[in-house]
Each structure stands twice: as structure tokens, then as C-alpha cells.
>>> print(open('target32.cif').read())   # mmCIF, C-alpha atoms and all ligand atoms
data_input
loop_
_atom_site.label_atom_id
_atom_site.label_comp_id
_atom_site.auth_asym_id
_atom_site.auth_seq_id
_atom_site.Cartn_x
_atom_site.Cartn_y
_atom_site.Cartn_z
CA MET A 183 0.00 0.00 0.00
CA ALA A 184 1.25 3.49 -0.88
CA VAL A 185 2.80 5.45 1.99
CA PRO A 186 0.88 8.56 3.05
CA ALA A 187 2.83 11.74 2.28
CA LEU A 188 0.45 14.27 3.80
CA GLU A 189 -1.73 13.23 6.73
CA ILE A 190 -4.61 15.19 8.17
CA ASP A 191 -5.37 13.61 11.51
CA GLY A 192 -8.33 14.44 13.73
CA VAL A 193 -8.33 18.11 12.71
CA ARG A 194 -10.99 20.33 14.26
CA LYS A 195 -11.67 24.04 13.78
CA SER A 196 -14.44 26.37 14.93
CA TYR A 197 -15.11 29.98 14.04
CA GLY A 198 -16.68 31.32 17.20
CA ARG A 199 -19.47 28.88 17.97
CA ARG A 200 -19.60 27.48 14.44
CA ARG A 201 -17.81 24.16 14.03
CA ALA A 202 -16.36 24.33 10.50
CA VAL A 203 -14.21 21.19 10.56
CA ASP A 204 -14.66 18.27 12.91
CA ASP A 205 -12.38 15.25 13.34
CA MET A 206 -11.19 15.54 9.73
CA THR A 207 -8.93 12.56 9.01
CA PHE A 208 -7.49 11.38 5.70
CA ASP A 209 -4.20 11.18 3.87
CA ILE A 210 -2.78 11.95 0.46
CA ARG A 211 -0.18 9.67 -1.02
CA ALA A 212 2.91 10.49 -2.99
CA GLY A 213 2.08 10.73 -6.68
CA GLU A 214 -1.69 10.76 -6.36
CA LEU A 215 -4.31 13.22 -7.49
CA PHE A 216 -6.76 13.59 -4.65
CA GLY A 217 -10.11 15.30 -5.26
CA PHE A 218 -11.65 17.05 -2.28
CA VAL A 219 -15.38 17.56 -2.80
CA GLY A 220 -18.33 18.70 -0.73
CA SER A 221 -21.15 21.20 -0.67
CA ASN A 222 -20.68 24.91 -0.06
CA GLY A 223 -19.57 25.49 3.51
CA ALA A 224 -18.66 21.82 4.05
CA GLY A 225 -15.19 22.72 5.37
CA LYS A 226 -12.85 22.18 2.40
CA THR A 227 -11.18 25.60 2.37
CA THR A 228 -10.78 25.58 6.15
CA THR A 229 -9.07 22.17 5.95
CA MET A 230 -6.73 23.31 3.18
CA ARG A 231 -5.85 26.49 5.06
CA ILE A 232 -4.96 24.37 8.07
CA VAL A 233 -2.75 22.13 5.91
CA LEU A 234 -0.91 25.23 4.68
CA GLY A 235 -0.64 26.77 8.14
CA VAL A 236 -2.78 29.79 7.24
CA LEU A 237 -5.11 28.69 10.05
CA THR A 238 -4.25 26.89 13.27
CA PRO A 239 -6.47 23.92 14.18
CA ASP A 240 -8.20 23.77 17.56
CA ALA A 241 -7.27 20.08 17.72
CA GLY A 242 -5.57 17.47 15.59
CA GLU A 243 -2.42 17.45 13.56
CA VAL A 244 -1.10 17.68 10.00
CA ARG A 245 1.91 15.45 9.24
CA TRP A 246 4.32 15.52 6.32
CA LEU A 247 6.23 12.28 5.71
CA GLY A 248 5.28 11.04 9.17
CA ARG A 249 6.31 14.13 11.17
CA PRO A 250 4.29 17.15 12.30
CA VAL A 251 4.44 19.59 9.42
CA GLY A 252 6.64 22.62 10.06
CA PHE A 253 7.40 25.97 8.46
CA ALA A 254 10.30 24.61 6.38
CA ASP A 255 8.06 21.85 4.96
CA ARG A 256 5.27 24.28 4.16
CA ARG A 257 7.69 26.55 2.36
CA ARG A 258 8.13 23.69 -0.09
CA PHE A 259 4.38 23.25 -0.62
CA GLY A 260 2.55 24.90 -3.49
CA TYR A 261 -0.77 26.53 -2.60
CA MET A 262 -3.52 28.06 -4.68
CA PRO A 263 -5.77 29.86 -2.20
CA GLU A 264 -9.49 30.30 -2.90
CA GLU A 265 -9.24 34.07 -2.56
CA ARG A 266 -6.21 33.99 -4.91
CA GLY A 267 -3.12 35.77 -3.77
CA LEU A 268 -1.36 37.70 -6.49
CA TYR A 269 -0.05 41.25 -6.46
CA PRO A 270 -2.36 42.92 -8.99
CA ARG A 271 0.09 45.65 -10.08
CA MET A 272 3.12 43.40 -10.47
CA LYS A 273 3.99 42.07 -13.91
CA VAL A 274 3.49 38.35 -14.48
CA ALA A 275 7.14 37.32 -14.98
CA GLU A 276 8.40 39.66 -12.25
CA GLN A 277 5.83 38.27 -9.83
CA LEU A 278 6.72 34.66 -10.50
CA ARG A 279 10.43 35.38 -10.09
CA TYR A 280 9.72 37.18 -6.83
CA LEU A 281 7.58 34.32 -5.47
CA GLY A 282 10.22 31.78 -6.53
CA GLU A 283 12.87 33.68 -4.55
CA LEU A 284 10.50 34.04 -1.60
CA HIS A 285 10.29 30.24 -1.51
CA GLY A 286 14.06 29.87 -1.46
CA LEU A 287 15.17 29.76 -5.12
CA SER A 288 18.26 31.69 -6.20
CA PRO A 289 17.55 34.67 -8.54
CA GLY A 290 18.84 32.66 -11.51
CA ALA A 291 16.79 29.57 -10.67
CA ALA A 292 13.69 31.71 -10.07
CA ARG A 293 14.11 33.37 -13.49
CA THR A 294 14.48 30.00 -15.24
CA ALA A 295 11.50 28.48 -13.41
CA ALA A 296 9.31 31.53 -14.07
CA GLY A 297 10.13 31.36 -17.78
CA ARG A 298 9.44 27.65 -17.88
CA TRP A 299 6.02 27.92 -16.28
CA ILE A 300 5.05 30.96 -18.32
CA GLU A 301 5.69 28.92 -21.43
CA ARG A 302 4.08 25.71 -20.12
CA LEU A 303 0.93 27.54 -19.06
CA GLU A 304 0.73 29.45 -22.35
CA LEU A 305 1.23 32.85 -20.74
CA SER A 306 4.11 34.07 -22.94
CA SER A 307 2.11 36.95 -24.47
CA TYR A 308 1.27 38.25 -20.98
CA ALA A 309 4.68 37.96 -19.31
CA SER A 310 5.18 41.74 -19.20
CA GLU A 311 1.56 42.61 -18.35
CA GLU A 312 0.37 43.58 -14.91
CA VAL A 313 -1.69 40.76 -13.42
CA GLN A 314 -4.71 43.03 -12.94
CA ASN A 315 -4.97 43.51 -16.71
CA LEU A 316 -5.38 39.80 -17.40
CA SER A 317 -8.71 38.00 -17.72
CA LEU A 318 -9.76 36.00 -14.65
CA GLY A 319 -8.93 32.70 -16.33
CA ASN A 320 -5.44 33.91 -17.25
CA GLN A 321 -4.94 35.23 -13.73
CA GLN A 322 -5.77 31.74 -12.58
CA ARG A 323 -3.06 30.30 -14.85
CA VAL A 324 -0.62 32.76 -13.24
CA GLN A 325 -1.85 31.62 -9.85
CA LEU A 326 -1.07 28.03 -10.78
CA ALA A 327 2.37 29.09 -12.02
CA ALA A 328 2.87 30.83 -8.65
CA ALA A 329 2.03 27.58 -6.85
CA LEU A 330 4.48 25.65 -9.06
CA VAL A 331 7.40 28.01 -9.56
CA HIS A 332 9.49 26.74 -6.64
CA GLY A 333 9.15 23.07 -7.56
CA PRO A 334 6.84 22.18 -4.65
CA LYS A 335 6.93 18.85 -2.84
CA ALA A 336 3.14 18.90 -2.40
CA LEU A 337 0.32 20.82 -4.09
CA VAL A 338 -2.84 22.03 -2.34
CA LEU A 339 -5.19 23.85 -4.69
CA ASP A 340 -8.53 25.41 -3.77
CA GLU A 341 -10.88 25.16 -6.74
CA PRO A 342 -8.19 25.48 -9.41
CA PHE A 343 -10.62 24.60 -12.22
CA SER A 344 -13.38 27.09 -11.43
CA GLY A 345 -13.93 29.68 -14.14
CA LEU A 346 -11.50 28.15 -16.65
CA ASP A 347 -12.36 27.69 -20.32
CA PRO A 348 -12.21 24.10 -21.67
CA VAL A 349 -8.70 24.52 -23.11
CA ALA A 350 -7.41 25.95 -19.83
CA VAL A 351 -9.07 23.05 -17.98
CA ASP A 352 -7.09 20.63 -20.14
CA VAL A 353 -3.84 22.54 -19.51
CA MET A 354 -4.48 22.60 -15.74
CA ARG A 355 -5.39 18.89 -15.72
CA ASP A 356 -2.27 17.93 -17.70
CA VAL A 357 0.03 19.97 -15.45
CA LEU A 358 -1.44 18.45 -12.28
CA ALA A 359 -1.19 14.94 -13.74
CA GLU A 360 2.47 15.58 -14.66
CA ARG A 361 3.27 16.78 -11.15
CA ALA A 362 1.58 13.69 -9.68
CA ALA A 363 3.49 11.46 -12.11
CA ASP A 364 6.65 13.06 -10.71
CA GLY A 365 5.67 11.79 -7.25
CA VAL A 366 4.07 14.98 -5.90
CA PRO A 367 0.91 14.50 -3.81
CA VAL A 368 -1.73 16.77 -5.36
CA MET A 369 -4.89 17.72 -3.50
CA PHE A 370 -7.52 19.97 -5.03
CA SER A 371 -11.07 20.95 -4.25
CA SER A 372 -13.72 21.19 -6.91
CA HIS A 373 -17.46 21.20 -7.49
CA GLN A 374 -16.96 19.75 -10.99
CA LEU A 375 -17.59 16.14 -10.11
CA SER A 376 -17.32 14.68 -13.60
CA LEU A 377 -13.90 16.29 -13.92
CA VAL A 378 -12.88 14.98 -10.50
CA GLU A 379 -14.04 11.51 -11.52
CA ARG A 380 -12.00 11.70 -14.74
CA VAL A 381 -8.73 12.94 -13.29
CA CYS A 382 -8.46 11.86 -9.65
CA ASP A 383 -7.00 8.66 -8.24
CA ARG A 384 -9.03 9.02 -5.05
CA VAL A 385 -11.79 11.26 -3.82
CA GLY A 386 -12.60 12.55 -0.34
CA ILE A 387 -16.20 13.64 0.20
CA VAL A 388 -16.80 16.19 2.96
CA GLY A 389 -20.14 16.89 4.61
CA GLY A 390 -20.76 19.09 7.62
CA GLY A 391 -17.04 19.46 8.38
CA ARG A 392 -16.38 15.70 8.35
CA LEU A 393 -15.01 13.27 5.83
CA ILE A 394 -18.00 11.09 5.00
CA ALA A 395 -16.31 8.87 2.42
CA CYS A 396 -12.91 8.41 0.84
CA GLY A 397 -11.56 6.12 -1.84
CA THR A 398 -11.42 5.48 -5.55
CA VAL A 399 -14.70 6.05 -7.38
CA ARG A 400 -14.89 2.27 -7.87
CA GLU A 401 -14.48 1.71 -4.12
CA LEU A 402 -17.13 4.28 -3.33
CA SER A 403 -19.53 2.66 -5.77
CA GLU A 404 -19.09 -0.76 -4.16
CA ASN A 405 -20.72 0.67 -1.06
CA ALA A 406 -23.59 2.26 -2.95
CA ASP A 407 -26.94 0.95 -4.15
CA ARG A 408 -26.56 -1.10 -7.33
CA ARG A 409 -27.62 0.31 -10.69
CA LEU A 410 -29.09 -1.64 -13.59
CA LEU A 411 -29.68 -0.66 -17.19
CA VAL A 412 -32.56 -2.62 -18.73
CA ASP A 413 -33.62 -2.39 -22.34
CA ALA A 414 -37.05 -3.94 -22.75
CA PRO A 415 -38.53 -2.55 -26.00
CA GLN A 416 -42.10 -3.73 -25.38
CA ALA A 417 -42.32 -2.74 -21.71
CA GLY A 418 -44.84 -0.14 -20.65
CA GLU A 419 -44.06 2.76 -18.31
CA ASN A 420 -45.02 0.85 -15.20
CA TRP A 421 -43.21 -2.45 -15.70
CA THR A 422 -41.20 -2.07 -12.47
CA GLU A 423 -44.26 -1.48 -10.29
CA GLY A 424 -44.43 -3.83 -7.31
CA LEU A 425 -40.68 -4.66 -7.36
CA ALA A 426 -39.49 -4.15 -3.78
CA GLY A 427 -36.46 -1.87 -3.36
CA VAL A 428 -36.35 -0.91 -7.04
CA GLU A 429 -36.46 2.73 -8.09
CA VAL A 430 -36.50 4.14 -11.62
CA VAL A 431 -33.64 6.65 -12.00
CA SER A 432 -34.30 7.59 -15.64
CA ARG A 433 -35.83 6.45 -18.91
CA GLU A 434 -34.39 6.97 -22.36
CA GLY A 435 -36.60 5.50 -25.09
CA THR A 436 -36.88 1.78 -24.33
CA ARG A 437 -34.02 1.83 -21.81
CA THR A 438 -34.66 2.18 -18.09
CA ARG A 439 -31.99 2.92 -15.47
CA LEU A 440 -32.80 1.45 -12.07
CA ARG A 441 -31.42 1.79 -8.58
CA LEU A 442 -31.64 -1.31 -6.39
CA ALA A 443 -31.64 -0.90 -2.62
CA LYS A 444 -29.62 -3.35 -0.50
CA GLY A 445 -31.30 -6.76 -0.61
CA ALA A 446 -33.35 -6.06 -3.77
CA ASP A 447 -33.31 -9.08 -6.09
CA ASP A 448 -32.03 -8.40 -9.61
CA GLN A 449 -33.43 -11.76 -10.82
CA ARG A 450 -36.94 -10.56 -10.00
CA VAL A 451 -36.21 -7.46 -12.07
CA LEU A 452 -35.13 -9.70 -14.96
CA HIS A 453 -38.32 -11.79 -14.63
CA ALA A 454 -40.45 -8.67 -14.63
CA ALA A 455 -38.66 -7.35 -17.71
CA LEU A 456 -38.99 -10.67 -19.56
CA ALA A 457 -42.68 -10.78 -18.73
CA THR A 458 -43.11 -7.73 -20.98
CA GLY A 459 -41.41 -9.34 -24.01
CA PRO A 460 -37.82 -9.56 -25.23
CA VAL A 461 -35.01 -8.00 -23.16
CA SER A 462 -32.15 -6.71 -25.33
CA ALA A 463 -29.95 -5.40 -22.49
CA PHE A 464 -29.64 -6.16 -18.79
CA VAL A 465 -26.44 -4.55 -17.54
CA SER A 466 -25.04 -3.81 -14.11
CA GLU A 467 -23.61 -0.24 -14.08
CA HIS A 468 -21.27 1.72 -11.83
CA PRO A 469 -22.92 4.97 -10.78
CA PRO A 470 -21.08 8.17 -11.68
CA LEU A 471 -19.50 10.23 -8.90
CA THR A 472 -22.31 12.81 -9.15
CA GLU A 473 -24.85 10.15 -8.11
CA LEU A 474 -22.59 8.63 -5.44
CA TYR A 475 -22.05 12.10 -4.03
CA ARG A 476 -25.77 12.86 -3.91
CA ASP A 477 -26.54 9.54 -2.24
CA LEU A 478 -23.81 9.93 0.37
CA VAL A 479 -24.54 13.54 1.20
CA THR A 480 -28.28 12.85 1.45
CA ARG A 481 -27.73 9.72 3.56
CA THR A 482 -25.33 11.48 5.91
CA GLY A 483 -27.56 14.54 6.13
CA GLU A 484 -30.43 12.29 7.19
CA ALA A 485 -28.19 10.58 9.76
CA GLU A 486 -27.15 13.96 11.14
CA GLU A 487 -30.82 14.95 11.49
CA ASP A 488 -31.54 11.62 13.24
CA ALA A 489 -28.60 12.16 15.57
CA GLU A 490 -29.66 15.66 16.61
CA GLY A 491 -30.79 15.82 20.17
CA THR A 492 -30.11 12.13 20.75
CA ALA A 493 -26.52 11.07 20.47
CA GLY A 494 -25.14 14.55 19.70
CA PRO A 495 -22.31 15.32 17.30
CA GLY A 496 -20.51 12.03 18.03
CA ALA A 497 -23.22 10.08 16.23
CA THR A 498 -22.30 11.55 12.85
CA ALA A 499 -18.66 10.50 13.30
CA ALA A 500 -19.83 6.89 13.20
CA VAL A 501 -21.59 7.57 9.91
CA GLY A 502 -18.49 9.21 8.48
CA ARG A 503 -16.20 6.45 9.61
CA THR A 504 -18.44 3.67 8.42
CA ALA A 505 -18.71 5.21 4.97
CA GLY A 506 -14.98 5.90 4.77
CA ASP A 507 -13.89 2.52 6.09
CA GLY A 508 -16.37 0.67 3.95
CA ALA A 509 -15.02 2.43 0.88
CA GLY A 510 -11.62 0.96 1.67
CA GLY A 511 -9.93 4.32 1.30
CA GLY A 512 -7.87 6.60 3.46
CA ALA A 513 -10.55 7.75 5.88
CA ARG A 514 -9.92 6.31 9.26
N1 LIG A 601 -13.53 33.46 8.56
C1 LIG A 601 -14.64 32.82 8.89
N2 LIG A 601 -15.41 33.27 9.91
C2 LIG A 601 -16.54 32.62 10.28
N3 LIG A 601 -17.00 31.49 9.68
C3 LIG A 601 -16.29 31.02 8.65
C4 LIG A 601 -15.08 31.65 8.19
N4 LIG A 601 -14.59 30.92 7.15
C5 LIG A 601 -15.45 29.90 6.98
N5 LIG A 601 -16.46 29.96 7.85
C6 LIG A 601 -17.56 28.98 7.97
O1 LIG A 601 -16.99 27.69 8.12
C7 LIG A 601 -17.73 26.72 7.38
C8 LIG A 601 -16.79 26.03 6.40
O2 LIG A 601 -16.40 26.97 5.40
P1 LIG A 601 -15.35 26.62 4.26
O3 LIG A 601 -15.01 27.88 3.55
O4 LIG A 601 -14.24 25.83 4.84
O5 LIG A 601 -16.23 25.66 3.31
P2 LIG A 601 -15.97 25.14 1.83
O6 LIG A 601 -16.25 23.67 1.85
O7 LIG A 601 -14.63 25.55 1.34
O8 LIG A 601 -17.11 25.89 1.01
P3 LIG A 601 -17.17 26.40 -0.54
O9 LIG A 601 -17.35 25.16 -1.38
O10 LIG A 601 -18.39 27.25 -0.54
O11 LIG A 601 -15.91 27.14 -0.83
C9 LIG A 601 -18.88 27.47 6.74
O12 LIG A 601 -20.00 27.32 7.57
C10 LIG A 601 -18.41 28.92 6.72
O13 LIG A 601 -19.50 29.79 6.76
#
>>> encode(input="target32.cif", output="C-alpha cells", more="lines below")
Ligand SMILES: Nc1ncnc2c1ncn2[C@@H]1O[C@H](COP(=O)(O)OP(=O)(O)OP(=O)(O)O)[C@@H](O)[C@H]1O
Amino acid sequence: MAVPALEIDGVRKSYGRRRAVDDMTFDIRAGELFGFVGSNGAGKTTTMRIVLGVLTPDAGEVRWLGRPVGFADRRRFGYMPEERGLYPRMKVAEQLRYLGELHGLSPGAARTAAGRWIERLELSSYASEEVQNLSLGNQQRVQLAAALVHGPKALVLDEPFSGLDPVAVDVMRDVLAERAADGVPVMFSSHQLSLVERVCDRVGIVGGGRLIACGTVRELSENADRRLLVDAPQAGENWTEGLAGVEVVSREGTRTRLRLAKGADDQRVLHAALATGPVSAFVSEHPPLTELYRDLVTRTGEAEEDAEGTAGPGATAAVGRTAGDGAGGGAR
């Protein structure tokens, strides 16, 4: 099993009386792309700020290569903050050189690295422009260059894909995949779940400040309700009526997508389909991350409501841990 490079262990943070992050525990391995997803206000940015040392946790610990992370380690991390952090009046190349030096590069090395990333991120025509004169998407490319210029040992990026055009998304994705292939642990938050599913090795799903599931999309789907695609050309609209634990997700022409609750019998579904006439497809499908996410967040939300006033906040930890453990991923 891959060794964890960056470990977030039992991290908790409140703003006043509001608990933003609670017992957040997961790890990111060397060379993996880790997608960090969750609804607005779930606690992603707070967690990433704690990893980078911008915020101090109330409890818990962040470790780098097995030791509590320190200033010198963090200096070698690359960070793209949600609020972005560029000097608007500084020119692109000048800014990247400056940030490279700030992170410990010599002036010569900073110049070379700035030039390299300007070229790689297709910013050559803007190198002498002030950042404030660039479009938002191009500013975001500069922000990525700023996170990369010092050759970081780890990358933590808060919504790096938001607001990018499709070509810029491809550039960003390729650069992150290259860094991961070089052994760098890459963590990024995003609301673009189909993108996360396409590019990430593992996904951590956050709800209410806790990690509610973690693993590969395949691992997450093993824990979810099964999906079936049935093509029964002569079936009427109501052919699934009376099948216990079977829900119609969608219909496209003669094809019906079904969700089967735990214990629902797929052979009874097949019998029901055959009773209508020929069946030209009967296929077990893996749900996409968007559906897994919805199921998990809804399920956990319901559990949190159930727990209110009875077992208190501790009850939701059991939900989070069960989901994470069951997924076989890094949540502990
Ligand atoms: N500086 C702050 N002061 C008070 N509350 C805050 C502060 N920053 C965040 N919060 C609260 O903490 C919770 C977690 O916020 P956080 O920004 O970490 O979520 P997020 O998952 O990154 O959300 P989004 O997807 O919208 O960016 C929210 O309830 C938010 O309102």
C-alpha cells in the first residue's frame, strides 16, 4: 500500500461557535491526485488552510512524511488559495520570479523556473503585463504558475478549475497529472464532479465538516446501491411497479436505469422485464460520482438529522467512519 505523504489527523476548527471542521482525518499519497469535494460550507477551504498553516487547528495534527508539518516543509508546498493571492500591479514574470525567490530559489533559478512555467501555461504573451490587466482565467493560470514556480513537494489547490475555459481546464489537468506522475501529492477541491471523476485517483467527500467517504470512485460505488440498465422494448411505463427496493432513475426510449436498494433481487427485475417481451440489455452499471455524491450527502444529512438531540455530534462520526472505512480508502 502506498505510503501517506500528507496526513490530516483528527483536525478540528471552529469559528466562534460554528464548528467548520470536525475530526477531519485522511491522507494523500505520494504521486496521487486527490479530489476534495463537498457542498458549499462543508469545510474544504478551512481544511486546506490548516494544511498550509494559514489557520491553526483547535485540535488534531497535519503530518508531512510522518512528522508534524513545520514551516520549512510548508515553504516547499505549493498553494492556490481560494481568494487567490497575487499582487495585482506586479507584472506576471516579475511576480513569478519574486515568489520563486521568496520560496528559497536563487535569482537565476527563479528566473528560469518563471520562464518555464510561463511557457508551459501558455502565458508568454502576458509575461510583461500587470496581473490586474489579465482575464480571470489567465490570472488563474498565473496563480497556478505561482504555486508551481518553486518546484513544490506537495500541491494544495482550492478550486483550481473554477472559471476556466475548456482549453485551460485541459492545460491545468495535464500539469497536475504531470506533477503527480513526478511523485508529488496533489490535492484539489472542486465542485466539478465529472472532472474529479475523470482525473483523480481518489476522492474525499466532505459533509458538515467531516469526511463522510474516501476512496477510488470504484471503491465508493461498491458501497452504494446497485444500478441496472434494462432495455425492454415492449415494456410499458409501469413495468417495475411492485418490485421491492427498485427505483426508476431515468428512462431513455426503451431503456430504463434502475437503482436497487440493498437486498433487492435483480433476478426478480429480470423476470419482470422478460414478462413484458424480449429484453435486449440487462447490464449492471457503476454509478457516476455525481450520483454517489448525492446519495452519500443525502444519507449522511439524514443521519445527522436523526442524531440531533439524541446522540449529539458524536453520532455523525460513526456515519463518516463507516462510509470511509467501507469504501476501503484513506478515511480512518
Ligand atoms: N472566517 C470565517 N469566519 C466565520 N465562519 C467562517 C469563516 N470561514 C469559513 N467559515 C464557515 O466555516 C464553514 C466552512 O467553510 P469553508 O469555507 O471551509 O467551506 P468550503 O467547503 O470551502 O465551502 P465552498 O465550497 O463554498 O468554498 C462554513 O460554515 C463557513 O461559513
>>> residues_near_ligand(input="target32.cif", ligand="ligand LIG 601 (chain A)", cutoff="10 Å", atoms="all atoms listed in the file", output="mmCIF file with C-alpha atoms, keeping the file's coordinate frame")
data_model
loop_
_atom_site.group_PDB
_atom_site.id
_atom_site.type_symbol
_atom_site.label_atom_id
_atom_site.label_comp_id
_atom_site.auth_asym_id
_atom_site.auth_seq_id
_atom_site.Cartn_x
_atom_site.Cartn_y
_atom_site.Cartn_z
ATOM 1 C CA LYS A 195 -11.670 24.040 13.780
ATOM 2 C CA SER A 196 -14.440 26.370 14.930
ATOM 3 C CA TYR A 197 -15.110 29.980 14.040
ATOM 4 C CA GLY A 198 -16.680 31.320 17.200
ATOM 5 C CA ARG A 199 -19.470 28.880 17.970
ATOM 6 C CA ARG A 200 -19.600 27.480 14.440
ATOM 7 C CA ARG A 201 -17.810 24.160 14.030
ATOM 8 C CA ALA A 202 -16.360 24.330 10.500
ATOM 9 C CA VAL A 203 -14.210 21.190 10.560
ATOM 10 C CA PHE A 218 -11.650 17.050 -2.280
ATOM 11 C CA VAL A 219 -15.380 17.560 -2.800
ATOM 12 C CA GLY A 220 -18.330 18.700 -0.730
ATOM 13 C CA SER A 221 -21.150 21.200 -0.670
ATOM 14 C CA ASN A 222 -20.680 24.910 -0.060
ATOM 15 C CA GLY A 223 -19.570 25.490 3.510
ATOM 16 C CA ALA A 224 -18.660 21.820 4.050
ATOM 17 C CA GLY A 225 -15.190 22.720 5.370
ATOM 18 C CA LYS A 226 -12.850 22.180 2.400
ATOM 19 C CA THR A 227 -11.180 25.600 2.370
ATOM 20 C CA THR A 228 -10.780 25.580 6.150
ATOM 21 C CA THR A 229 -9.070 22.170 5.950
ATOM 22 C CA MET A 230 -6.730 23.310 3.180
ATOM 23 C CA ARG A 231 -5.850 26.490 5.060
ATOM 24 C CA ILE A 232 -4.960 24.370 8.070
ATOM 25 C CA LEU A 237 -5.110 28.690 10.050
ATOM 26 C CA GLU A 264 -9.490 30.300 -2.900
ATOM 27 C CA GLU A 265 -9.240 34.070 -2.560
ATOM 28 C CA ASP A 340 -8.530 25.410 -3.770
ATOM 29 C CA GLU A 341 -10.880 25.160 -6.740
ATOM 30 C CA SER A 371 -11.070 20.950 -4.250
ATOM 31 C CA SER A 372 -13.720 21.190 -6.910
ATOM 32 C CA HIS A 373 -17.460 21.200 -7.490
ATOM 33 C CA VAL A 388 -16.800 16.190 2.960
ATOM 34 C CA GLY A 389 -20.140 16.890 4.610
ATOM 35 C CA GLY A 390 -20.760 19.090 7.620
ATOM 36 C CA GLY A 391 -17.040 19.460 8.380
#
>>> atom_distance(input="target32.cif", atom1="atom CA of A:Leu303", atom2="atom CA of A:Arg323")
6.4 Å
>>> closest_residue(input="target32.cif", among="A:Asp383, A:Asp447, A:Asp204, A:Asp240", to="A:Gly217", atoms="all atoms listed in the file")
A:Asp383
>>> atom_distance(input="target32.cif", atom1="atom CA of A:Gly365", atom2="atom CA of A:Ala395")
24.2 Å
>>> atom_distance(input="target32.cif", atom1="atom CA of A:Gly435", atom2="atom CA of A:Leu410")
15.5 Å
